[in-house]
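Peer 1: Here you go, this is query32.txt (compact mmCIF, C-alpha atoms).
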```
# COMPACT_ATOMS: atom_id res chain seq x y z
CA MET H 276 18.35 134.23 164.87
CA VAL H 277 21.06 133.30 162.43
CA PHE H 278 23.16 136.07 163.95
CA VAL H 279 22.61 134.78 167.50
CA LYS H 280 23.38 131.21 166.44
CA ASP H 281 26.59 132.23 164.65
CA VAL H 282 29.19 131.74 167.40
CA GLN H 283 32.21 131.54 165.14
CA ALA H 284 35.05 133.73 166.40
CA GLN H 285 37.89 133.31 163.97
CA SER H 286 38.71 135.60 161.12
CA VAL H 287 41.59 136.39 158.80
CA THR H 288 43.80 139.20 160.12
CA GLU H 289 43.19 141.26 156.98
CA HIS H 290 39.44 141.40 157.68
CA LEU H 291 40.19 142.40 161.24
CA ALA H 292 42.29 145.34 160.02
CA VAL H 293 39.35 146.41 157.79
CA VAL H 294 37.07 146.33 160.86
CA GLY H 295 39.62 148.45 162.74
CA LEU H 296 39.74 150.99 159.90
CA ILE H 297 35.93 151.16 159.65
CA LEU H 298 35.48 151.66 163.41
CA THR H 299 38.21 154.30 163.47
CA ALA H 300 36.54 156.08 160.53
CA ALA H 301 33.16 155.81 162.30
CA GLY H 302 34.80 157.29 165.41
CA ALA H 303 36.16 160.19 163.38
CA ALA H 304 32.74 160.72 161.74
CA VAL H 305 30.93 160.67 165.10
CA TRP H 306 33.46 163.12 166.53
CA LEU H 307 33.08 165.46 163.53
CA VAL H 308 29.28 165.33 163.78
CA TYR H 309 29.40 166.09 167.48
CA GLN H 310 31.85 168.95 166.94
CA ALA H 311 30.35 170.53 163.85
CA VAL H 312 26.63 169.95 163.48
CA ALA H 313 25.32 168.34 166.68
CA ASP H 314 23.39 171.38 167.85
CA ARG H 315 21.92 172.06 164.41
CA PHE H 316 20.99 168.38 163.92
CA ARG H 317 19.31 168.29 167.33
CA ASP H 318 17.27 171.41 166.52
CA ILE H 319 16.09 169.90 163.22
CA ALA H 320 15.21 166.58 164.91
CA ASN H 321 13.33 168.28 167.74
CA ASN H 322 11.31 170.40 165.32
CA LEU H 323 10.12 167.42 163.26
CA MET N 296 31.68 153.07 186.23
CA PRO N 297 32.73 151.85 189.74
CA ILE N 298 36.03 150.00 190.15
CA TRP N 299 34.39 146.64 190.94
CA ALA N 300 32.37 146.88 187.70
CA ARG N 301 35.51 147.70 185.70
CA ALA N 302 37.24 144.68 187.29
CA ALA N 303 34.25 142.49 186.36
CA VAL N 304 34.43 143.75 182.74
CA LEU N 305 38.17 142.96 182.60
CA LEU N 306 37.55 139.43 183.94
CA TRP N 307 34.78 138.95 181.37
CA LEU N 308 37.04 140.07 178.50
CA VAL N 309 39.89 137.80 179.65
CA PHE N 310 37.48 134.86 180.01
CA VAL N 311 35.96 135.36 176.53
CA SER N 312 39.44 135.72 174.95
CA LEU N 313 40.70 132.52 176.60
CA TYR N 314 37.50 130.64 175.73
CA ASP N 315 37.87 131.75 172.11
CA ALA N 316 41.56 130.78 172.01
CA ARG N 317 40.60 127.22 173.07
CA THR N 318 37.36 126.69 171.13
CA HIS N 319 37.38 129.30 168.31
CA THR N 320 33.91 130.37 169.43
CA VAL N 321 32.33 133.07 171.59
CA PRO N 322 29.24 131.46 173.16
CA PRO N 323 25.95 133.43 173.05
CA TRP N 324 25.51 133.07 176.83
CA ALA N 325 28.69 135.10 177.36
CA THR N 326 27.52 138.11 175.34
CA TRP N 327 23.77 138.26 174.69
CA PRO N 328 22.62 138.66 178.34
CA ILE N 329 24.76 141.84 178.50
CA ILE N 330 23.45 143.18 175.16
CA VAL N 331 19.78 142.47 175.96
CA GLY N 332 20.15 143.62 179.59
CA VAL N 333 21.59 147.00 178.54
CA ALA N 334 18.91 147.43 175.85
CA LEU N 335 16.15 146.70 178.41
CA GLY N 336 17.76 149.06 180.94
CA ARG N 337 17.90 151.87 178.35
CA ALA N 338 14.28 151.23 177.36
CA TRP N 339 13.25 151.34 181.03
CA SER N 340 14.83 154.80 181.32
CA GLY N 341 13.01 156.05 178.21
CA ALA N 342 15.48 155.34 175.37
CA TRP N 343 13.58 152.57 173.59
CA ALA N 344 15.14 152.89 170.10
CA PRO N 345 18.16 150.60 170.80
CA LEU N 346 15.84 147.83 172.09
CA LEU N 347 13.63 148.17 169.03
CA LEU N 348 16.73 148.08 166.81
CA LEU N 349 17.86 144.86 168.53
CA ALA N 350 14.41 143.33 167.94
CA LEU N 351 14.56 144.41 164.29
CA LEU N 352 18.00 142.81 163.82
CA PHE N 353 16.66 139.61 165.42
CA VAL N 354 13.66 139.46 163.05
CA TRP N 355 15.83 140.45 160.06
CA ASP N 356 18.12 137.46 160.70
CA THR N 357 15.28 135.00 161.16
CA THR N 358 14.35 132.55 158.42
CA VAL N 359 11.10 130.72 157.76
CA ALA N 360 12.93 127.56 158.90
CA ASP N 361 13.64 129.21 162.28
CA VAL N 362 9.96 130.06 162.79
CA LYS N 363 8.83 126.55 161.78
CA GLY N 364 11.42 125.10 164.16
CA LEU N 365 9.99 127.19 167.02
CA LEU N 366 6.47 126.01 166.16
CA GLY N 367 7.59 122.37 166.08
CA ARG N 368 6.96 122.00 162.34
CA THR N 369 9.35 120.46 159.84
CA PRO N 370 10.96 123.07 157.52
CA ARG N 371 10.63 122.54 153.79
CA GLU N 372 13.54 122.62 151.39
CA GLY N 373 14.70 126.21 150.87
CA ASP N 374 13.15 127.56 154.09
CA GLU N 375 16.67 128.14 155.49
CA THR N 376 17.21 130.87 152.91
CA ARG N 377 13.74 132.48 153.07
CA TRP N 378 14.00 135.57 155.28
CA LEU N 379 11.13 137.24 157.13
CA LEU N 380 12.15 140.78 156.09
CA PRO N 381 13.38 142.02 152.70
CA ASP N 382 16.81 143.67 152.99
CA GLY N 383 15.59 147.04 151.66
CA VAL N 384 12.86 147.28 154.31
CA ALA N 385 15.27 146.25 157.06
CA TRP N 386 18.01 148.72 156.06
CA THR N 387 15.45 151.54 155.91
CA ALA N 388 14.07 150.62 159.33
CA VAL N 389 17.63 150.55 160.75
CA GLY N 390 18.20 154.09 159.41
CA VAL N 391 14.93 155.32 160.95
CA LEU N 392 15.72 153.74 164.34
CA VAL N 393 19.27 155.19 164.37
CA PHE N 394 17.73 158.61 163.63
CA LEU N 395 15.19 158.18 166.45
CA ALA N 396 17.96 157.04 168.82
CA GLY N 397 19.67 160.34 167.99
CA ARG N 398 16.78 162.06 169.78
CA GLN N 399 17.13 159.89 172.88
CA GLY N 400 20.53 161.00 174.09
CA GLU N 401 24.20 160.31 173.47
CA GLY N 402 24.22 156.79 174.97
CA ALA N 403 21.25 155.63 172.87
CA THR N 404 22.83 157.16 169.74
CA VAL N 405 26.17 155.42 170.25
CA LEU N 406 24.41 152.10 171.00
CA ALA N 407 22.23 152.31 167.88
CA VAL N 408 25.04 153.43 165.54
CA GLY N 409 27.46 150.89 167.04
CA TRP N 410 25.04 147.96 166.85
CA ALA N 411 23.97 148.91 163.31
CA VAL N 412 27.61 149.18 162.09
CA ILE N 413 28.72 145.95 163.79
CA HIS N 414 25.69 144.01 162.56
CA GLY N 415 26.28 145.41 159.06
CA LEU N 416 29.88 144.18 159.16
CA TRP N 417 28.56 140.72 160.08
CA ARG N 418 25.99 140.77 157.26
CA PHE N 419 28.72 141.67 154.75
CA GLY N 420 30.81 138.72 155.99
CA ILE N 421 33.66 140.83 157.38
CA LEU N 422 33.01 140.00 161.04
CA PRO N 423 32.20 136.51 162.41
CA GLY N 424 29.04 136.28 164.56
CA GLY N 425 30.77 135.46 167.86
CA ASP N 426 33.15 138.39 167.56
CA ALA N 427 30.34 140.71 166.43
CA ALA N 428 28.33 139.84 169.55
CA LEU N 429 31.43 140.47 171.69
CA VAL N 430 31.91 143.97 170.19
CA MET N 431 28.17 144.67 170.61
CA GLY N 432 28.58 143.73 174.28
CA ILE N 433 31.57 146.07 174.64
CA VAL N 434 29.71 149.05 173.13
CA ALA N 435 26.74 148.20 175.38
CA LEU N 436 29.00 148.59 178.42
CA PHE N 437 30.74 151.75 177.13
CA PRO N 438 28.13 153.69 175.08
CA HIS N 439 30.29 156.79 174.62
CA PRO N 440 31.42 158.33 171.28
CA ARG N 441 35.04 157.46 172.10
CA PHE N 442 34.10 153.74 171.85
CA PHE N 443 34.51 153.82 168.07
CA TRP N 444 38.02 155.18 167.82
CA VAL N 445 39.29 153.38 170.93
CA GLU N 446 37.99 150.04 169.62
CA GLY N 447 39.21 150.85 166.08
CA VAL N 448 42.67 151.92 167.17
CA GLY N 449 42.87 148.91 169.56
CA ILE N 450 42.14 146.53 166.68
CA LEU N 451 44.64 148.29 164.39
CA ALA N 452 47.29 148.19 167.12
CA ALA N 453 46.78 144.42 167.32
CA THR N 454 46.54 143.68 163.61
CA VAL N 455 49.02 145.99 161.85
CA PRO N 456 52.10 144.43 163.55
CA LEU N 457 50.64 140.96 162.81
CA LEU N 458 50.16 141.85 159.13
CA LEU N 459 53.65 143.35 158.86
CA TRP N 460 55.05 140.11 160.34
CA GLN N 461 52.83 137.89 158.17
CA TYR N 462 53.95 139.64 154.95
CA ARG N 463 57.50 140.43 156.02
CA ARG N 464 58.96 138.60 153.00
CA ASP N 465 56.44 139.98 150.48
CA ILE N 466 56.39 143.69 151.37
CA PRO N 467 60.06 144.38 150.38
CA VAL N 468 59.51 142.58 147.05
CA VAL N 469 56.35 144.62 146.31
CA LEU N 470 58.15 147.85 147.25
CA ALA N 471 61.15 146.94 145.06
CA THR N 472 59.15 145.85 142.01
CA GLY N 473 56.05 148.04 142.38
CA ASP N 474 53.94 145.01 141.44
CA VAL N 475 50.95 145.20 143.83
CA SER N 476 49.43 142.02 142.35
CA LEU N 477 52.10 140.08 144.26
CA LEU N 478 50.25 140.99 147.45
CA LYS N 479 47.14 139.24 146.11
CA ALA N 480 49.11 136.03 145.63
CA ALA N 481 50.68 136.42 149.07
CA TYR N 482 47.22 136.92 150.59
CA ALA N 483 45.97 133.70 149.00
CA ALA N 484 49.01 131.81 150.24
CA ARG N 485 49.36 133.12 153.80
CA SER N 486 45.93 134.25 155.00
CA ARG N 487 44.50 131.87 157.63
CA PRO N 488 41.48 132.20 159.96
CA ARG N 489 42.58 132.67 163.57
CA PRO N 490 40.79 133.22 166.90
CA VAL N 491 40.61 137.00 167.18
CA ALA N 492 38.37 137.79 170.17
CA TRP N 493 41.46 139.00 172.07
CA ALA N 494 41.98 141.78 169.49
CA PHE N 495 38.41 143.02 170.01
CA ALA N 496 38.76 142.65 173.77
CA LEU N 497 41.80 144.95 173.67
CA GLY N 498 39.59 148.00 172.99
CA GLY N 499 37.32 146.96 175.87
CA VAL N 500 40.32 146.66 178.19
CA ILE N 501 41.44 150.22 177.27
CA LEU N 502 37.89 151.52 177.82
CA ALA N 503 37.64 149.75 181.19
CA LEU N 504 41.01 151.09 182.40
CA THR N 505 40.57 154.73 181.31
```
For this file, produce the structure as structure tokens.

Peer 2:
Amino acid sequence: MVFVKDVQAQSVTEHLAVVGLILTAAGAAVWLVYQAVADRFRDIANNL
Amino acid sequence: MPIWARAAVLLWLVFVSLYDARTHTVPPWATWPIIVGVALGRAWSGAWAPLLLLALLFVWDTTVADVKGLLGRTPREGDETRWLLPDGVAWTAVGVLVFLAGRQGEGATVLAVGWAVIHGLWRFGILPGGDAALVMGIVALFPHPRFFWVEGVGILAATVPLLLWQYRRDIPVVLATGDVSLLKAAYAARSRPRPVAWAFALGGVILALT
């Protein structure tokens, strides 16, 4: 609820750049996972 | 996504950016109906993990004071900081739900990972709540792996030039002297909160146009 009630939408530019870096890194990680181990991961998950 | 829907997304992003520029807020009614609607739609088609994750985040961020407020009772002192879920339990549950979303298709996976990362950034105080909800709305509309790098690169494209301009007098001095601590002093002197929804909307605009 605190999250929903928090409507503030101003931040320092430096924090914004950190968010950009984290999302870009997450994008790279997701891409690597999909390229390298997606099939293997899916097999393991399906066999659990 | 059909052209009319892309146009509607663009209008929404422009509206939210302008609203934020005037009020420094992103109102819940402009973002949460999209987030909840997409989560319900996914659950209806069998991918229930993102909806469960959303419910978990909601409970995780609820205090005893919130619950007493809903029940019409007066909160006691300290209830505002008493949370319903311990952080360790909540983080573990988030991990389990992201794993389960991984078994429910690409869209569900991207939604769960995206919402977990964005909410985590809010919990660590890096992202304000209004902006976090806006980014959660954007990933809800474009639940594709490319969301992450498009949104990330969009934000960097908006912020790096701003930072270079903001520290244009300090960067040459730091480069000349090699004294990185000068940047810390410059940060304390020049860093100011600004409305930033437009920078997050930029990634959404790229996703809507491509």

Peer 1: Any chance you could tabulate, as JSON lines, the residues of range 374-486 of chain N at most 12 Å from range 336-340 of chain N with each one's nearest atom pair and distance in Å to one decimal, using all atoms listed in the file, in chain and rising number order?

Peer 2:
```
{"residue": "N:Ala396", "atom": "CA", "partner": "N:Arg337", "partner_atom": "CA", "distance": 10.8}
{"residue": "N:Gln399", "atom": "CA", "partner": "N:Arg337", "partner_atom": "CA", "distance": 9.7}
{"residue": "N:Gly400", "atom": "CA", "partner": "N:Arg337", "partner_atom": "CA", "distance": 10.4}
{"residue": "N:Glu401", "atom": "CA", "partner": "N:Arg337", "partner_atom": "CA", "distance": 11.6}
{"residue": "N:Gly402", "atom": "CA", "partner": "N:Arg337", "partner_atom": "CA", "distance": 8.7}
{"residue": "N:Ala403", "atom": "CA", "partner": "N:Arg337", "partner_atom": "CA", "distance": 7.4}
{"residue": "N:Thr404", "atom": "CA", "partner": "N:Arg337", "partner_atom": "CA", "distance": 11.2}
{"residue": "N:Leu406", "atom": "CA", "partner": "N:Arg337", "partner_atom": "CA", "distance": 9.8}
{"residue": "N:Ala407", "atom": "CA", "partner": "N:Arg337", "partner_atom": "CA", "distance": 11.3}
{"residue": "N:Ala435", "atom": "CA", "partner": "N:Arg337", "partner_atom": "CA", "distance": 10.0}
{"residue": "N:Leu436", "atom": "CA", "partner": "N:Gly336", "partner_atom": "CA", "distance": 11.5}
{"residue": "N:Pro438", "atom": "CA", "partner": "N:Arg337", "partner_atom": "CA", "distance": 10.9}
```

Peer 1: For Glu289 in chain H, please output as a VMD selection string all residues within 8 Å (counting only C-alpha atoms; exclusion window: fewer than 3 positions along the same chain).

Peer 2: (chain H and resid 292 to 293) or (chain N and resid 454 458 486)

Peer 1: Taking only C-alpha atoms into account, what are the residues of chain N at most 6 Å from chain H, put as a list of chain:residue names?

Peer 2: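 Matching residues, ligands excluded from the count: N:His319, N:Thr320, N:Val321, N:Pro322, N:Phe353, N:Asp356, N:Thr357, N:Ile421, N:Pro423, N:Gly424, N:Gly425, N:Asp426, N:Phe443, N:Trp444, N:Gly447, N:Ile450, N:Leu451, N:Thr454, N:Arg487, N:Pro488, N:Arg489, N:Pro490, N:Val491.
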
Peer 1: If you keep C-alpha atoms, can you produce a file of those selected residues as an mmCIF file, in the coordinates of the input?

Peer 2:
```cif
data_model
loop_
_atom_site.group_PDB
_atom_site.id
_atom_site.type_symbol
_atom_site.label_atom_id
_atom_site.label_comp_id
_atom_site.auth_asym_id
_atom_site.auth_seq_id
_atom_site.Cartn_x
_atom_site.Cartn_y
_atom_site.Cartn_z
ATOM 1 C CA HIS N 319 37.380 129.300 168.310
ATOM 2 C CA THR N 320 33.910 130.370 169.430
ATOM 3 C CA VAL N 321 32.330 133.070 171.590
ATOM 4 C CA PRO N 322 29.240 131.460 173.160
ATOM 5 C CA PHE N 353 16.660 139.610 165.420
ATOM 6 C CA ASP N 356 18.120 137.460 160.700
ATOM 7 C CA THR N 357 15.280 135.000 161.160
ATOM 8 C CA ILE N 421 33.660 140.830 157.380
ATOM 9 C CA PRO N 423 32.200 136.510 162.410
ATOM 10 C CA GLY N 424 29.040 136.280 164.560
ATOM 11 C CA GLY N 425 30.770 135.460 167.860
ATOM 12 C CA ASP N 426 33.150 138.390 167.560
ATOM 13 C CA PHE N 443 34.510 153.820 168.070
ATOM 14 C CA TRP N 444 38.020 155.180 167.820
ATOM 15 C CA GLY N 447 39.210 150.850 166.080
ATOM 16 C CA ILE N 450 42.140 146.530 166.680
ATOM 17 C CA LEU N 451 44.640 148.290 164.390
ATOM 18 C CA THR N 454 46.540 143.680 163.610
ATOM 19 C CA ARG N 487 44.500 131.870 157.630
ATOM 20 C CA PRO N 488 41.480 132.200 159.960
ATOM 21 C CA ARG N 489 42.580 132.670 163.570
ATOM 22 C CA PRO N 490 40.790 133.220 166.900
ATOM 23 C CA VAL N 491 40.610 137.000 167.180
#
```

Peer 1: Need the axis-aligned box for range 281-298 of chain H with 4 Å each side, so what are the centre and edges in Å to one decimal, as JSON?

Peer 2:
```
{"center_x": 35.2, "center_y": 141.6, "center_z": 162.2, "size_x": 25.2, "size_y": 28.1, "size_z": 18.4}
```

Peer 1: Between CA of Ala427 in chain N and CA of Phe442 in chain N, what is the spacing in Å?

Peer 2: 14.6 Å

Peer 1: Restricting the calculation to all atoms listed in the file, which member of N:Val393, N:Ala316, N:Met431, N:Ala492 is positioned closest to Leu347 in chain N?

Peer 2: N:Val393
